[in-house]
$ cat final13.csv   # CSV, C-alpha atoms
chain,number,residue,atom,x,y,z
A,841,MET,CA,-18.9,-83.2,-21.8
A,842,TYR,CA,-20.8,-81.2,-24.5
A,843,ARG,CA,-22.7,-78.0,-24.0
A,844,ILE,CA,-26.5,-77.6,-24.3
A,845,PRO,CA,-27.8,-74.3,-25.7
A,846,ILE,CA,-31.1,-73.3,-24.0
A,847,PHE,CA,-33.0,-70.1,-24.8
A,848,LEU,CA,-35.3,-68.4,-22.4
A,849,SER,CA,-37.2,-65.1,-22.9
A,850,SER,CA,-38.0,-62.5,-20.3
A,851,ASP,CA,-38.7,-58.9,-19.4
A,852,ASN,CA,-37.8,-57.4,-16.1
A,853,ASN,CA,-41.0,-58.5,-14.4
A,854,TYR,CA,-40.3,-62.2,-15.2
A,855,ALA,CA,-36.7,-62.2,-14.1
A,856,PRO,CA,-37.4,-64.2,-10.9
A,857,PHE,CA,-38.9,-67.0,-13.0
A,858,VAL,CA,-35.9,-67.1,-15.3
A,859,ALA,CA,-33.7,-67.7,-12.2
A,860,THR,CA,-36.1,-70.4,-10.9
A,861,THR,CA,-36.2,-72.3,-14.2
A,862,ILE,CA,-32.4,-72.1,-14.6
A,863,ALA,CA,-32.0,-73.4,-11.0
A,864,SER,CA,-34.2,-76.4,-11.7
A,865,ILE,CA,-32.3,-77.3,-14.9
A,866,CYS,CA,-28.9,-77.0,-13.3
A,867,ASP,CA,-29.9,-79.0,-10.3
A,868,ASN,CA,-31.0,-81.9,-12.5
A,869,THR,CA,-28.4,-81.8,-15.3
A,870,LYS,CA,-24.9,-83.1,-15.4
A,871,SER,CA,-23.9,-81.5,-18.7
A,872,PHE,CA,-22.9,-77.9,-19.2
A,873,CYS,CA,-25.7,-75.6,-20.2
A,874,ASP,CA,-25.3,-72.3,-22.1
A,875,PHE,CA,-28.3,-70.1,-21.3
A,876,TYR,CA,-29.2,-67.4,-23.7
A,877,ILE,CA,-31.7,-64.9,-22.3
A,878,LEU,CA,-33.7,-63.1,-24.9
A,879,ASP,CA,-33.7,-59.8,-22.9
A,880,GLY,CA,-36.8,-57.7,-23.0
A,881,GLY,CA,-35.5,-55.1,-20.6
A,882,ILE,CA,-34.1,-56.9,-17.5
A,883,SER,CA,-32.5,-54.5,-15.1
A,884,GLU,CA,-28.8,-54.8,-14.2
A,885,GLU,CA,-29.8,-55.6,-10.6
A,886,ASN,CA,-32.0,-58.5,-11.6
A,887,LYS,CA,-29.3,-59.8,-14.1
A,888,GLU,CA,-26.9,-59.9,-11.1
A,889,LYS,CA,-29.5,-61.8,-9.0
A,890,ILE,CA,-29.9,-64.3,-11.8
A,891,CYS,CA,-26.2,-64.7,-12.1
A,892,GLN,CA,-25.9,-65.3,-8.4
A,893,LEU,CA,-26.9,-68.9,-9.2
A,894,LYS,CA,-23.2,-69.4,-10.1
A,895,THR,CA,-22.5,-69.6,-6.4
A,896,LEU,CA,-24.6,-72.7,-6.3
A,897,PHE,CA,-24.0,-74.3,-9.7
A,898,ASN,CA,-20.9,-74.5,-11.9
A,899,ASN,CA,-22.4,-76.2,-14.9
A,900,PHE,CA,-23.8,-73.2,-16.8
A,901,SER,CA,-23.1,-69.9,-18.5
A,902,ILE,CA,-25.5,-67.0,-19.2
A,903,GLU,CA,-25.6,-64.5,-22.0
A,904,PHE,CA,-28.2,-61.8,-22.2
A,905,ILE,CA,-29.2,-61.0,-25.8
A,906,GLN,CA,-31.0,-57.7,-26.4
A,907,ILE,CA,-33.4,-57.6,-29.3
A,908,ASP,CA,-34.9,-54.6,-31.0
A,909,LEU,CA,-38.5,-56.0,-30.9
A,910,GLU,CA,-40.0,-52.9,-32.6
A,911,LYS,CA,-37.7,-53.4,-35.5
A,912,GLU,CA,-37.8,-57.2,-35.8
A,913,PHE,CA,-41.6,-57.5,-35.4
A,914,GLU,CA,-42.8,-54.2,-36.8
A,915,GLY,CA,-46.6,-54.5,-37.4
A,916,PHE,CA,-47.0,-57.8,-35.6
A,917,VAL,CA,-50.2,-58.0,-33.6
A,918,VAL,CA,-50.0,-56.8,-29.9
A,919,THR,CA,-52.8,-57.2,-27.4
A,920,SER,CA,-53.3,-57.3,-23.6
A,921,CYS,CA,-52.3,-61.0,-23.9
A,922,ILE,CA,-49.8,-60.8,-26.7
A,923,THR,CA,-46.5,-59.0,-26.4
A,924,LYS,CA,-43.8,-58.6,-29.0
A,925,SER,CA,-41.4,-60.4,-26.6
A,926,MET,CA,-43.5,-63.6,-27.3
A,927,TYR,CA,-42.2,-63.5,-30.8
A,928,SER,CA,-38.6,-63.4,-29.9
A,929,ARG,CA,-38.3,-67.2,-30.0
A,930,PHE,CA,-38.7,-67.0,-33.8
A,931,LEU,CA,-35.2,-65.4,-34.0
A,932,ILE,CA,-33.3,-68.1,-32.1
A,933,PRO,CA,-31.7,-69.8,-35.1
A,934,TYR,CA,-30.5,-66.4,-36.4
A,935,LEU,CA,-29.1,-65.0,-33.2
A,936,LYS,CA,-26.4,-67.7,-32.9
A,937,PRO,CA,-25.5,-68.9,-36.4
A,938,GLU,CA,-22.9,-71.4,-34.9
A,939,ILE,CA,-25.6,-73.4,-33.1
A,940,ASN,CA,-27.1,-76.4,-34.9
A,941,LYS,CA,-29.8,-77.4,-32.4
A,942,ALA,CA,-31.3,-75.6,-29.4
A,943,ILE,CA,-33.9,-75.9,-26.7
A,944,TYR,CA,-36.4,-73.1,-26.2
A,945,SER,CA,-38.4,-73.0,-22.9
A,946,ASP,CA,-41.0,-70.8,-21.4
A,947,ILE,CA,-40.1,-69.7,-17.8
A,948,ASP,CA,-43.3,-70.8,-16.0
A,949,VAL,CA,-41.7,-74.3,-15.9
A,950,ILE,CA,-39.8,-76.5,-13.6
A,951,VAL,CA,-37.4,-79.1,-15.1
A,952,LEU,CA,-37.3,-82.4,-13.1
A,953,GLY,CA,-34.9,-84.4,-15.3
A,954,ASP,CA,-31.5,-84.1,-17.0
A,955,ILE,CA,-32.2,-81.6,-19.9
A,956,SER,CA,-29.7,-83.5,-22.0
A,957,GLU,CA,-32.3,-86.3,-22.4
A,958,MET,CA,-34.6,-83.8,-24.2
A,959,TYR,CA,-31.8,-82.2,-26.1
A,960,ASN,CA,-30.7,-85.7,-27.4
A,961,GLU,CA,-34.1,-86.5,-28.9
A,962,ASN,CA,-33.6,-87.4,-32.5
A,963,ILE,CA,-35.4,-84.7,-34.6
A,964,SER,CA,-33.6,-85.5,-37.9
A,965,GLY,CA,-35.8,-84.4,-40.8
A,966,TYR,CA,-37.9,-82.0,-38.7
A,967,ALA,CA,-37.6,-78.2,-38.2
A,968,ILE,CA,-39.1,-78.4,-34.8
A,969,ALA,CA,-40.1,-80.9,-32.0
A,970,ALA,CA,-42.9,-80.2,-29.6
A,971,VAL,CA,-45.5,-81.8,-27.3
A,972,PRO,CA,-49.1,-82.0,-28.5
A,973,GLU,CA,-51.5,-80.2,-26.3
A,974,ALA,CA,-53.9,-82.3,-24.2
A,975,PHE,CA,-57.0,-80.3,-25.3
A,976,GLY,CA,-55.8,-79.6,-28.8
A,977,CYS,CA,-57.3,-76.8,-30.9
A,978,ASN,CA,-60.9,-75.7,-31.4
A,979,PRO,CA,-62.1,-77.2,-34.8
A,980,LEU,CA,-63.4,-73.8,-35.8
A,981,ASN,CA,-59.9,-72.3,-35.3
A,982,LYS,CA,-58.4,-75.1,-37.4
A,983,THR,CA,-60.7,-74.2,-40.2
A,984,MET,CA,-60.0,-70.5,-39.9
A,985,PHE,CA,-56.3,-71.1,-40.0
A,986,GLY,CA,-56.4,-73.8,-42.7
A,987,ILE,CA,-55.0,-76.4,-40.4
A,988,SER,CA,-55.7,-80.0,-41.4
A,989,ASP,CA,-57.9,-82.3,-39.2
A,990,THR,CA,-55.1,-84.7,-38.8
A,991,HIS,CA,-52.7,-82.1,-37.2
A,992,LYS,CA,-52.1,-82.5,-33.5
A,993,TYR,CA,-52.0,-79.0,-32.1
A,994,PHE,CA,-48.8,-78.5,-30.1
A,995,SER,CA,-47.6,-76.3,-27.3
A,996,SER,CA,-45.0,-73.6,-28.1
A,997,GLY,CA,-43.7,-73.5,-24.5
A,998,ASN,CA,-41.1,-76.2,-24.8
A,999,LEU,CA,-39.4,-76.8,-28.1
A,1000,ILE,CA,-36.4,-78.4,-29.7
A,1001,ILE,CA,-35.4,-76.3,-32.8
A,1002,ASP,CA,-33.2,-77.5,-35.7
A,1003,CYS,CA,-31.5,-74.2,-36.3
A,1004,ASN,CA,-29.8,-75.3,-39.5
A,1005,HIS,CA,-33.2,-76.3,-41.0
A,1006,TRP,CA,-34.6,-72.9,-40.1
A,1007,ARG,CA,-31.8,-71.0,-41.7
A,1008,LYS,CA,-31.7,-73.1,-44.8
A,1009,ASN,CA,-35.4,-72.8,-45.4
A,1010,ASN,CA,-35.8,-69.2,-44.5
A,1011,ILE,CA,-38.4,-70.0,-41.8
A,1012,ILE,CA,-38.5,-66.5,-40.4
A,1013,GLN,CA,-39.8,-65.1,-43.7
A,1014,LYS,CA,-42.5,-67.8,-43.7
A,1015,ILE,CA,-43.4,-66.8,-40.1
A,1016,ARG,CA,-43.7,-63.1,-41.2
A,1017,GLU,CA,-46.0,-64.1,-44.0
A,1018,ILE,CA,-48.3,-66.2,-41.8
A,1019,GLU,CA,-48.5,-63.5,-39.1
A,1020,LYS,CA,-49.4,-60.8,-41.7
A,1021,ARG,CA,-52.1,-63.1,-43.3
A,1022,TYR,CA,-53.8,-63.9,-40.0
A,1023,ARG,CA,-52.9,-60.8,-38.0
A,1024,ASN,CA,-56.5,-59.8,-37.3
A,1025,VAL,CA,-57.6,-63.2,-35.9
A,1026,LEU,CA,-54.6,-64.4,-33.9
A,1027,LYS,CA,-55.3,-65.0,-30.2
A,1028,PHE,CA,-52.3,-67.1,-29.1
A,1029,ALA,CA,-50.0,-65.6,-31.7
A,1030,ASP,CA,-46.7,-67.5,-31.4
A,1031,MET,CA,-48.4,-70.9,-30.8
A,1032,GLU,CA,-50.9,-70.4,-33.7
A,1033,ILE,CA,-48.3,-69.2,-36.1
A,1034,LEU,CA,-46.0,-72.3,-35.4
A,1035,ASN,CA,-49.0,-74.7,-35.7
A,1036,ILE,CA,-50.0,-73.2,-39.0
A,1037,LEU,CA,-46.5,-73.4,-40.3
A,1038,PHE,CA,-45.6,-76.9,-39.0
A,1039,GLN,CA,-48.9,-78.6,-39.3
A,1040,ASP,CA,-48.5,-82.4,-39.7
A,1041,SER,CA,-44.7,-81.8,-40.0
A,1042,TYR,CA,-43.2,-81.6,-36.6
A,1043,LYS,CA,-41.5,-84.2,-34.4
A,1044,GLU,CA,-44.0,-85.3,-31.7
A,1045,LEU,CA,-42.4,-85.4,-28.2
A,1046,GLU,CA,-43.8,-87.3,-25.2
A,1047,PRO,CA,-46.2,-85.5,-22.9
A,1048,LYS,CA,-43.6,-85.7,-20.1
A,1049,TYR,CA,-41.6,-82.9,-21.8
A,1050,CYS,CA,-44.4,-80.3,-21.4
A,1051,TYR,CA,-46.8,-81.4,-18.7
A,1052,ILE,CA,-49.5,-78.7,-18.4
A,1053,ASN,CA,-52.3,-78.1,-16.0
A,1054,GLN,CA,-54.9,-79.7,-18.3
A,1055,ASN,CA,-53.1,-83.0,-18.2
A,1056,TYR,CA,-54.2,-83.4,-14.6
A,1057,PHE,CA,-57.8,-83.7,-15.9
A,1058,PHE,CA,-56.9,-87.1,-17.3
A,1059,PRO,CA,-56.8,-90.2,-15.1
A,1060,ASP,CA,-53.4,-91.6,-16.0
A,1061,ILE,CA,-50.7,-89.2,-14.6
A,1062,PRO,CA,-47.2,-90.5,-15.6
A,1063,LYS,CA,-44.6,-90.9,-12.9
A,1064,ASP,CA,-41.8,-89.6,-15.1
A,1065,ILE,CA,-42.9,-86.0,-15.6
A,1066,PHE,CA,-39.9,-84.3,-17.0
A,1067,ILE,CA,-41.0,-80.7,-17.4
A,1068,ARG,CA,-43.8,-79.3,-15.4
A,1069,HIS,CA,-45.3,-76.4,-17.3
A,1070,TYR,CA,-47.6,-74.1,-15.2
A,1071,ASN,CA,-49.7,-72.8,-18.1
A,1072,GLY,CA,-52.9,-70.8,-17.6
A,1073,ALA,CA,-53.9,-67.7,-15.6
A,1074,ILE,CA,-52.8,-69.0,-12.2
A,1075,LYS,CA,-49.1,-69.4,-11.7
A,1076,PRO,CA,-47.3,-71.1,-8.8
A,1077,TRP,CA,-46.0,-67.7,-7.7
A,1078,HIS,CA,-49.6,-66.7,-7.0
A,1079,ILE,CA,-50.1,-69.4,-4.4
A,1080,ASN,CA,-47.5,-70.7,-1.9
A,1081,PHE,CA,-49.4,-73.7,-0.8
A,1082,GLU,CA,-50.4,-77.1,-2.2
A,1083,ASN,CA,-54.0,-77.6,-3.4
A,1084,ASN,CA,-56.0,-80.2,-5.3
A,1085,VAL,CA,-56.5,-78.2,-8.5
A,1086,ILE,CA,-53.1,-76.6,-9.4
A,1087,ASN,CA,-50.8,-79.5,-8.7
A,1088,ASP,CA,-47.1,-79.4,-7.7
A,1089,VAL,CA,-46.8,-75.7,-6.8
A,1090,GLY,CA,-44.4,-76.9,-4.2
A,1091,LEU,CA,-41.9,-77.8,-7.0
A,1092,PHE,CA,-41.7,-74.2,-8.0
A,1093,TRP,CA,-41.2,-72.9,-4.5
A,1094,HIS,CA,-38.5,-75.5,-3.9
A,1095,TYR,CA,-36.3,-73.9,-6.5
A,1096,ALA,CA,-37.5,-70.4,-6.0
A,1097,LYS,CA,-36.2,-70.7,-2.4
A,1098,ILE,CA,-32.6,-71.0,-3.6
A,1099,THR,CA,-32.7,-67.9,-5.8
A,1100,MET,CA,-32.0,-64.3,-4.8
A,1101,PHE,CA,-35.7,-63.5,-5.6
A,1102,TYR,CA,-37.3,-65.8,-2.9
A,1103,HIS,CA,-38.3,-63.2,-0.3
A,1104,GLU,CA,-39.5,-60.8,-3.0
A,1105,LEU,CA,-41.7,-63.6,-4.5
A,1106,VAL,CA,-43.1,-64.5,-1.0
A,1107,ASP,CA,-44.0,-60.8,-0.4
A,1108,ASN,CA,-45.6,-60.5,-3.9
A,1109,CYS,CA,-47.6,-63.7,-3.3
A,1110,LYS,CA,-49.3,-62.1,-0.2
A,1111,ASN,CA,-50.5,-59.2,-2.4
A,1112,VAL,CA,-52.2,-61.4,-5.1
A,1113,ASP,CA,-56.0,-60.8,-5.4
A,1114,LYS,CA,-57.4,-63.8,-3.6
A,1115,ASN,CA,-60.7,-63.4,-5.4
A,1116,PHE,CA,-58.9,-63.8,-8.7
A,1117,ILE,CA,-57.4,-67.0,-7.5
A,1118,LEU,CA,-60.7,-68.4,-6.3
A,1119,ARG,CA,-62.4,-67.5,-9.6
A,1120,GLN,CA,-59.7,-69.2,-11.6
A,1121,LEU,CA,-59.8,-72.3,-9.3
A,1122,LYS,CA,-63.5,-72.5,-9.9
A,1123,VAL,CA,-62.9,-72.5,-13.6
A,1124,TYR,CA,-60.4,-75.3,-13.3
A,1125,GLU,CA,-62.8,-77.2,-11.1
A,1126,MET,CA,-65.6,-76.9,-13.7
A,1127,VAL,CA,-63.4,-78.0,-16.5
A,1128,ASN,CA,-62.1,-80.9,-14.4
A,1129,LYS,CA,-65.7,-82.1,-13.7
A,1130,ALA,CA,-66.7,-81.7,-17.4
A,1131,GLN,CA,-63.8,-83.8,-18.5
A,1132,ALA,CA,-64.6,-86.5,-15.9
A,1133,LYS,CA,-68.2,-86.6,-17.1
A,1134,LYS,CA,-67.0,-86.8,-20.7
A,1135,ARG,CA,-64.8,-89.8,-19.9
A,1136,LEU,CA,-67.7,-91.6,-18.2
A,1137,ILE,CA,-70.0,-91.0,-21.2
A,1138,SER,CA,-67.3,-92.2,-23.7
A,1139,GLY,CA,-66.9,-95.3,-21.6
$ encode --input "final13.csv" --output "structure tokens"
Amino acid sequence: MYRIPIFLSSDNNYAPFVATTIASICDNTKSFCDFYILDGGISEENKEKICQLKTLFNNFSIEFIQIDLEKEFEGFVVTSCITKSMYSRFLIPYLKPEINKAIYSDIDVIVLGDISEMYNENISGYAIAAVPEAFGCNPLNKTMFGISDTHKYFSSGNLIIDCNHWRKNNIIQKIREIEKRYRNVLKFADMEILNILFQDSYKELEPKYCYINQNYFFPDIPKDIFIRHYNGAIKPWHINFENNVINDVGLFWHYAKITMFYHELVDNCKNVDKNFILRQLKVYEMVNKAQAKKRLISG
């Protein structure tokens, strides 16, 4: 049985979601998983809570890797929506030189299949494999970033990385050059940087490996969703009930319930601004209707 290296990134506030994502992976995977947590300041107490999953699963290990974000990403753009911890995924190939290939995953995801299936995707000849976004990229942004019309804009939330390729081709230096060049106009920093660098040159993965909220605006929902990625402003930990707009929140709570964070998450959910939720749901509803209208017009 081989080992699958999986990198996740979190600060202390997001520790509960690290545990939930790990629980979903271990519950559906037979192989042994080595989890490397890019540690943005997780407390010892929360680390212990995450590691409590070992009482339920015996097919994983955890290593917390502290990164000097100020040193590694000095000068990188930071806003209310962009933190330096978002850039930590760029360091993955260099943190563990012995690893040839790795998976990176955001932590607002639930994995529903054996992660070895994704890991075993053939990405020979590519530095990275990713899932194209359902809505793609604004054409004006493509022009601004010099991205070709033929490029399919991809999500940076679930990636397969050829670590050898990154090291041999000094990818981190190219990333630093791109960030510096577009620093004043980046809005989704990590995603935009990766799409600029790997335009028309990444291995395209099936949508099932990063099924986002926007996918539900399309009529054909596949039955084999492998990774449910709860992107956007509303997260499943904001609402502990099923609804018709943000699908599958019950999947998140199913795995959250077996972590040491469950009661904390339930309590936090009660304190979420309900008006915020309603406003965001209205936005999703409007987008949904607009997409349905567009499909009718296009025939």
$ atom_distance --input "final13.csv" --atom1 "atom CA of A:Ile950" --atom2 "atom CA of A:Lys936"
25.1 Å
$ residues_near_point --input "final13.csv" --point "(-29.3, -62.5, -13.5)" --cutoff "6 Å" --atoms "all atoms listed in the file" --output "list in words"
Asn886, Lys887, Glu888, Lys889, Ile890 and Cys891 of chain A
$ closest_atom_pairs --input "final13.csv" --of "stretch 870-976 of chain A" --to "stretch 1009-1019 of chain A" --cutoff "8 Å" --atoms "only C-alpha atoms" --output "JSON lines"
{"residue": "A:Phe916", "atom": "CA", "partner": "A:Glu1019", "partner_atom": "CA", "distance": 6.9}
{"residue": "A:Val917", "atom": "CA", "partner": "A:Glu1019", "partner_atom": "CA", "distance": 8.0}
{"residue": "A:Phe930", "atom": "CA", "partner": "A:Ile1012", "partner_atom": "CA", "distance": 6.6}
{"residue": "A:Leu931", "atom": "CA", "partner": "A:Ile1012", "partner_atom": "CA", "distance": 7.3}
$ closest_residue --input "final13.csv" --among "A:Ser925, A:Gln1039, A:Asn1024, A:Phe913" --to "A:Pro972" --atoms "only C-alpha atoms"
A:Gln1039
$ residues_around --input "final13.csv" --residues "A:Asn899" --least-positions-apart "5" --cutoff "12 Å" --atoms "all atoms listed in the file" --output "number ranges by chain"
A: 841-844, 862-863, 865-875, 893-894
$ closest_residue --input "final13.csv" --among "A:Glu938, A:Asp851, A:Asp954, A:Asp948" --to "A:Gln906" --atoms "all atoms listed in the file"
A:Asp851
$ atom_distance --input "final13.csv" --atom1 "atom CA of A:Ile1033" --atom2 "atom CA of A:Phe994"
11.1 Å
$ residues_near_point --input "final13.csv" --point "(-30.8, -64.7, -27.2)" --cutoff "7 Å" --atoms "all atoms listed in the file" --output "PyMOL selection string"
chain A and resi 847+876-878+904-905+932+935
$ closest_residue --input "final13.csv" --among "A:Ser964, A:Ser956, A:Ser883, A:Asn1111" --to "A:Ser850" --atoms "only C-alpha atoms"
A:Ser883
$ closest_residue --input "final13.csv" --among "A:Lys1097, A:Arg1119, A:Arg1023, A:His1005" --to "A:Ile922" --atoms "all atoms listed in the file"
A:Arg1023
$ residues_around --input "final13.csv" --residues "A:Gln892" --least-positions-apart "3" --cutoff "12 Å" --atoms "all atoms listed in the file" --output "list in words"
Pro856, Ala859, Thr860, Ile862, Ala863, Glu885, Asn886, Lys887, Glu888, Lys889, Thr895, Leu896, Phe897, Asn898, Phe900, Ser901, Ile902, Ile1098, Thr1099, Met1100 and Phe1101 of chain A
$ write_last_selection --input "final13.csv" --atoms "C-alpha atoms" --output "PDB file, keeping the file's coordinate frame"
ATOM      1  CA  PRO A 856     -37.400 -64.200 -10.900  1.00  0.00           C
ATOM      2  CA  ALA A 859     -33.700 -67.700 -12.200  1.00  0.00           C
ATOM      3  CA  THR A 860     -36.100 -70.400 -10.900  1.00  0.00           C
ATOM      4  CA  ILE A 862     -32.400 -72.100 -14.600  1.00  0.00           C
ATOM      5  CA  ALA A 863     -32.000 -73.400 -11.000  1.00  0.00           C
ATOM      6  CA  GLU A 885     -29.800 -55.600 -10.600  1.00  0.00           C
ATOM      7  CA  ASN A 886     -32.000 -58.500 -11.600  1.00  0.00           C
ATOM      8  CA  LYS A 887     -29.300 -59.800 -14.100  1.00  0.00           C
ATOM      9  CA  GLU A 888     -26.900 -59.900 -11.100  1.00  0.00           C
ATOM     10  CA  LYS A 889     -29.500 -61.800  -9.000  1.00  0.00           C
ATOM     11  CA  THR A 895     -22.500 -69.600  -6.400  1.00  0.00           C
ATOM     12  CA  LEU A 896     -24.600 -72.700  -6.300  1.00  0.00           C
ATOM     13  CA  PHE A 897     -24.000 -74.300  -9.700  1.00  0.00           C
ATOM     14  CA  ASN A 898     -20.900 -74.500 -11.900  1.00  0.00           C
ATOM     15  CA  PHE A 900     -23.800 -73.200 -16.800  1.00  0.00           C
ATOM     16  CA  SER A 901     -23.100 -69.900 -18.500  1.00  0.00           C
ATOM     17  CA  ILE A 902     -25.500 -67.000 -19.200  1.00  0.00           C
ATOM     18  CA  ILE A1098     -32.600 -71.000  -3.600  1.00  0.00           C
ATOM     19  CA  THR A1099     -32.700 -67.900  -5.800  1.00  0.00           C
ATOM     20  CA  MET A1100     -32.000 -64.300  -4.800  1.00  0.00           C
ATOM     21  CA  PHE A1101     -35.700 -63.500  -5.600  1.00  0.00           C
TER      22      PHE A1101
END
$ atom_distance --input "final13.csv" --atom1 "atom CA of A:His1103" --atom2 "atom CA of A:Val951"
21.7 Å
